[in-house]
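To start, the structure itself, in structure tokens.
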Amino acid sequence: MFKSATVDQENALDPRLHHRIASANRRETSMNPETIALVRDSWAKVEPISEQAAGLFYGRLFEVYPEVRPMFKGDMKDQGNKLVVMLTTAVNALDNLDPLIPAIKKMGARHARYGVRDDDYAKVADALLWTLGQGLGDDFTPEVKKAWVGVYSALADTMKAGAAEST
């Protein structure tokens with residue numbers, strides 16, 4: 001299902017451009033039933049191959065943004081599992097994220113202690129969207145991408161708020 005993890009530097013999303021896209025999409029995308037369905041349906045297709053997806057995600061992240069690699073000191077398979085658990089938890093709670101907000105903010109504060117800056121979230125978004133595109137192929141439609149951008153933006157904004165509150 002996944003294509004090879006080759007990196008095309010020309011198609012890597014500039015973090016400044018991604019921020020503008022995410023900001024625009026955030027205004028247009030809410031957690032409406034269609035957004036939730038698009039994200040849940042697409043995640044259901046990726047979750048069975050989540051170990052491979054996590055490997056591709058981190059491979060892409062480190063190849064396109066090598067400056068973030070030093071932030072990851074532990075076992076990458078374990079890190080990939082954490083990523084999948086976090087995404088699965090968020091996807092399952094999309095119709096009511098409020099109970100997760102304190103945990104998401106704490107995660108943002110932890111990430112800030114690891115050295116994550118606000119602009120690093122766009123790098124993660126780029127790698128996540130690329131990975132979803134690889135895994136979903138033709139099913140990664142503009143509507144699915146827009147839904148994921150909206151969901152990721154909401155999660156990233158909450159993590160950034162947690163980081164800001166911790167300083």
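Chain labels A, B, ... are given in the sequence in which chains occur in the structure tokens; within each chain residues are numbered consecutively from 1, and ligands are likewise numbered from 1 in the order shown.
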Please provide as a PyMOL selection string all residues within 12 Å of Val46 of chain A, with the sequence filter that same-chain residues fewer than 4 positions apart are discarded (counting only C-alpha atoms). chain A and resi 1-2+39-42+50-54+56+84+87-88+128+131-137+139-140
Okay, now the selection with N, CA, C and O atoms, as a JSON list (two decimals), in the first residue's frame?
```json
[["chain", "number", "residue", "atom", "x", "y", "z"],
["A", 1, "MET", "N", 0.82, -1.19, 0.00],
["A", 1, "MET", "CA", 0.00, 0.00, 0.00],
["A", 1, "MET", "C", 0.87, 1.26, 0.00],
["A", 1, "MET", "O", 0.57, 2.20, -0.69],
["A", 2, "PHE", "N", 1.94, 1.27, 0.79],
["A", 2, "PHE", "CA", 2.81, 2.44, 0.84],
["A", 2, "PHE", "C", 3.82, 2.41, -0.29],
["A", 2, "PHE", "O", 4.32, 1.36, -0.66],
["A", 39, "VAL", "N", -11.76, 11.88, 8.52],
["A", 39, "VAL", "CA", -10.55, 11.52, 9.26],
["A", 39, "VAL", "C", -10.65, 10.10, 9.81],
["A", 39, "VAL", "O", -9.70, 9.32, 9.68],
["A", 40, "ARG", "N", -11.78, 9.75, 10.37],
["A", 40, "ARG", "CA", -11.93, 8.40, 10.92],
["A", 40, "ARG", "C", -11.86, 7.33, 9.83],
["A", 40, "ARG", "O", -11.20, 6.30, 10.02],
["A", 41, "ASP", "N", -12.52, 7.56, 8.72],
["A", 41, "ASP", "CA", -12.50, 6.57, 7.64],
["A", 41, "ASP", "C", -11.09, 6.40, 7.07],
["A", 41, "ASP", "O", -10.66, 5.28, 6.80],
["A", 42, "SER", "N", -10.39, 7.50, 6.91],
["A", 42, "SER", "CA", -9.03, 7.41, 6.36],
["A", 42, "SER", "C", -8.08, 6.78, 7.38],
["A", 42, "SER", "O", -7.22, 5.97, 7.01],
["A", 50, "SER", "N", -0.04, 0.64, 10.72],
["A", 50, "SER", "CA", 0.48, 1.80, 11.45],
["A", 50, "SER", "C", 1.97, 1.70, 11.75],
["A", 50, "SER", "O", 2.65, 2.73, 11.77],
["A", 51, "GLU", "N", 2.49, 0.51, 11.95],
["A", 51, "GLU", "CA", 3.93, 0.39, 12.21],
["A", 51, "GLU", "C", 4.73, 0.86, 11.00],
["A", 51, "GLU", "O", 5.70, 1.62, 11.12],
["A", 52, "GLN", "N", 4.32, 0.43, 9.82],
["A", 52, "GLN", "CA", 4.97, 0.88, 8.59],
["A", 52, "GLN", "C", 4.76, 2.37, 8.39],
["A", 52, "GLN", "O", 5.69, 3.09, 8.00],
["A", 53, "ALA", "N", 3.56, 2.85, 8.67],
["A", 53, "ALA", "CA", 3.27, 4.28, 8.52],
["A", 53, "ALA", "C", 4.15, 5.11, 9.44],
["A", 53, "ALA", "O", 4.69, 6.15, 9.04],
["A", 54, "ALA", "N", 4.30, 4.67, 10.68],
["A", 54, "ALA", "CA", 5.14, 5.41, 11.63],
["A", 54, "ALA", "C", 6.59, 5.44, 11.14],
["A", 54, "ALA", "O", 7.26, 6.48, 11.23],
["A", 56, "LEU", "N", 7.63, 5.29, 8.02],
["A", 56, "LEU", "CA", 7.69, 6.24, 6.91],
["A", 56, "LEU", "C", 7.60, 7.67, 7.40],
["A", 56, "LEU", "O", 8.30, 8.55, 6.90],
["A", 84, "VAL", "N", 1.20, 6.60, 17.07],
["A", 84, "VAL", "CA", -0.01, 5.91, 16.63],
["A", 84, "VAL", "C", -1.07, 5.92, 17.73],
["A", 84, "VAL", "O", -2.25, 6.18, 17.46],
["A", 87, "LEU", "N", -2.51, 9.47, 17.91],
["A", 87, "LEU", "CA", -3.40, 9.75, 16.79],
["A", 87, "LEU", "C", -4.70, 8.95, 16.90],
["A", 87, "LEU", "O", -5.79, 9.49, 16.66],
["A", 88, "THR", "N", -4.61, 7.69, 17.28],
["A", 88, "THR", "CA", -5.80, 6.87, 17.42],
["A", 88, "THR", "C", -6.72, 7.42, 18.51],
["A", 88, "THR", "O", -7.94, 7.51, 18.32],
["A", 128, "LEU", "N", 3.33, 14.17, 8.31],
["A", 128, "LEU", "CA", 2.09, 13.42, 8.52],
["A", 128, "LEU", "C", 1.24, 13.39, 7.25],
["A", 128, "LEU", "O", 0.77, 12.33, 6.83],
["A", 131, "THR", "N", 2.81, 11.15, 4.71],
["A", 131, "THR", "CA", 2.62, 9.74, 5.08],
["A", 131, "THR", "C", 1.21, 9.28, 4.78],
["A", 131, "THR", "O", 1.00, 8.19, 4.23],
["A", 132, "LEU", "N", 0.23, 10.11, 5.13],
["A", 132, "LEU", "CA", -1.16, 9.76, 4.83],
["A", 132, "LEU", "C", -1.36, 9.63, 3.32],
["A", 132, "LEU", "O", -2.05, 8.71, 2.85],
["A", 133, "GLY", "N", -0.74, 10.51, 2.57],
["A", 133, "GLY", "CA", -0.84, 10.44, 1.11],
["A", 133, "GLY", "C", -0.24, 9.16, 0.56],
["A", 133, "GLY", "O", -0.79, 8.54, -0.36],
["A", 134, "GLN", "N", 0.89, 8.74, 1.14],
["A", 134, "GLN", "CA", 1.52, 7.49, 0.71],
["A", 134, "GLN", "C", 0.63, 6.29, 1.03],
["A", 134, "GLN", "O", 0.47, 5.38, 0.22],
["A", 135, "GLY", "N", 0.06, 6.29, 2.22],
["A", 135, "GLY", "CA", -0.74, 5.15, 2.66],
["A", 135, "GLY", "C", -2.10, 5.07, 2.01],
["A", 135, "GLY", "O", -2.60, 3.98, 1.74],
["A", 136, "LEU", "N", -2.70, 6.22, 1.76],
["A", 136, "LEU", "CA", -4.06, 6.23, 1.22],
["A", 136, "LEU", "C", -4.11, 6.28, -0.30],
["A", 136, "LEU", "O", -5.13, 5.96, -0.89],
["A", 137, "GLY", "N", -3.02, 6.71, -0.92],
["A", 137, "GLY", "CA", -3.00, 6.79, -2.38],
["A", 137, "GLY", "C", -4.13, 7.66, -2.90],
["A", 137, "GLY", "O", -4.32, 8.79, -2.44],
["A", 139, "ASP", "N", -7.14, 7.58, -2.30],
["A", 139, "ASP", "CA", -8.14, 7.91, -1.28],
["A", 139, "ASP", "C", -7.76, 9.16, -0.48],
["A", 139, "ASP", "O", -8.56, 9.63, 0.32],
["A", 140, "PHE", "N", -6.54, 9.67, -0.69],
["A", 140, "PHE", "CA", -6.13, 10.91, -0.02],
["A", 140, "PHE", "C", -6.56, 12.08, -0.90],
["A", 140, "PHE", "O", -5.78, 12.72, -1.57]]
```
Can you list, as a ChimeraX atom specification, every residue of segment 32-148 of chain A that DSSP puts in helix (DSSP H, G or I)? /A:33-64,66-71,76-92,98-114,120-139,142-148
Pick out the closest residue to Arg69 of chain A from this set: A:Leu129, A:Lys160, A:Ser153, A:Asp120. Count only C-alpha atoms.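 Checking each candidate against Arg69 of chain A, we get A:Asp120 as the closest.
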Which of these, A:Gly59, A:Gly162, A:Pro33, A:Gly80, has the shortest distance to Arg110 of chain A once you count only C-alpha atoms?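 The closest residue to Arg110 of chain A is A:Gly162.
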Could you check which of A:Val149, A:Val124, A:Ile101, A:Ala93 is closest to Phe62 of chain A, using only C-alpha atoms?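 The answer is A:Val124, which sits nearest to Phe62 of chain A.
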Atom pair atom CA of Lys45 of chain A / atom CA of Glu63 of chain A: separation (Å): 25.0 Å
Show me, as a PyMOL selection string, the residues that have an atom within 7 Å of Gly115 of chain A when counting only C-alpha atoms, minus same-chain residues fewer than 3 positions from it. chain A and resi 71+111-112
Between A:Gly108, A:Pro66, A:Pro99, A:Gly74, which has the minimum distance to Asp157 of chain A (counting only C-alpha atoms)? A:Gly108
Exercise: Ala161 of chain A partners within 10 Å, only C-alpha atoms, chain neighbours under 2 positions left out, as a list in words: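 Using only C-alpha atoms, the neighbours found are Ile104, Lys105, Lys106, Gly108, Ala109, Asp118, Leu155, Ala156, Asp157, Thr158, Met159, Ala163, Ala164, Glu165 and Ser166 of chain A.
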Just-selected residues, C-alpha atoms written as a PDB file, in the first residue's frame:
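File written: selection-v8.pdb
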```pdb
ATOM      1  CA  ILE A 104      -2.766  17.394  24.931  1.00  0.00           C
ATOM      2  CA  LYS A 105      -1.575  20.571  26.664  1.00  0.00           C
ATOM      3  CA  LYS A 106       0.699  18.528  28.956  1.00  0.00           C
ATOM      4  CA  GLY A 108       2.808  20.223  24.379  1.00  0.00           C
ATOM      5  CA  ALA A 109       4.596  21.330  27.547  1.00  0.00           C
ATOM      6  CA  ASP A 118       6.147  26.391  17.270  1.00  0.00           C
ATOM      7  CA  LEU A 155      -4.189  19.375  18.090  1.00  0.00           C
ATOM      8  CA  ALA A 156      -1.029  21.356  17.353  1.00  0.00           C
ATOM      9  CA  ASP A 157      -2.604  24.622  18.521  1.00  0.00           C
ATOM     10  CA  THR A 158      -3.617  22.952  21.777  1.00  0.00           C
ATOM     11  CA  MET A 159      -0.089  21.571  22.250  1.00  0.00           C
ATOM     12  CA  ALA A 163       3.833  24.831  25.844  1.00  0.00           C
ATOM     13  CA  ALA A 164       3.137  28.551  26.243  1.00  0.00           C
ATOM     14  CA  GLU A 165       1.358  28.006  29.558  1.00  0.00           C
ATOM     15  CA  SER A 166       4.323  26.035  30.901  1.00  0.00           C
TER      16      SER A 166
END
```
What separation in Å, quoted to one decimal, exists between atom CA of Phe57 of chain A and atom CA of Pro70 of chain A? 16.0 Å
Atom CA of Ala90 of chain A to atom CA of Glu47 of chain A, straight-line distance in Å: 12.9 Å
Nearest to Met107 of chain A, restricted to only C-alpha atoms and choosing among A:Ile49, A:Val144, A:Leu83, A:Met76, comes out as A:Leu83
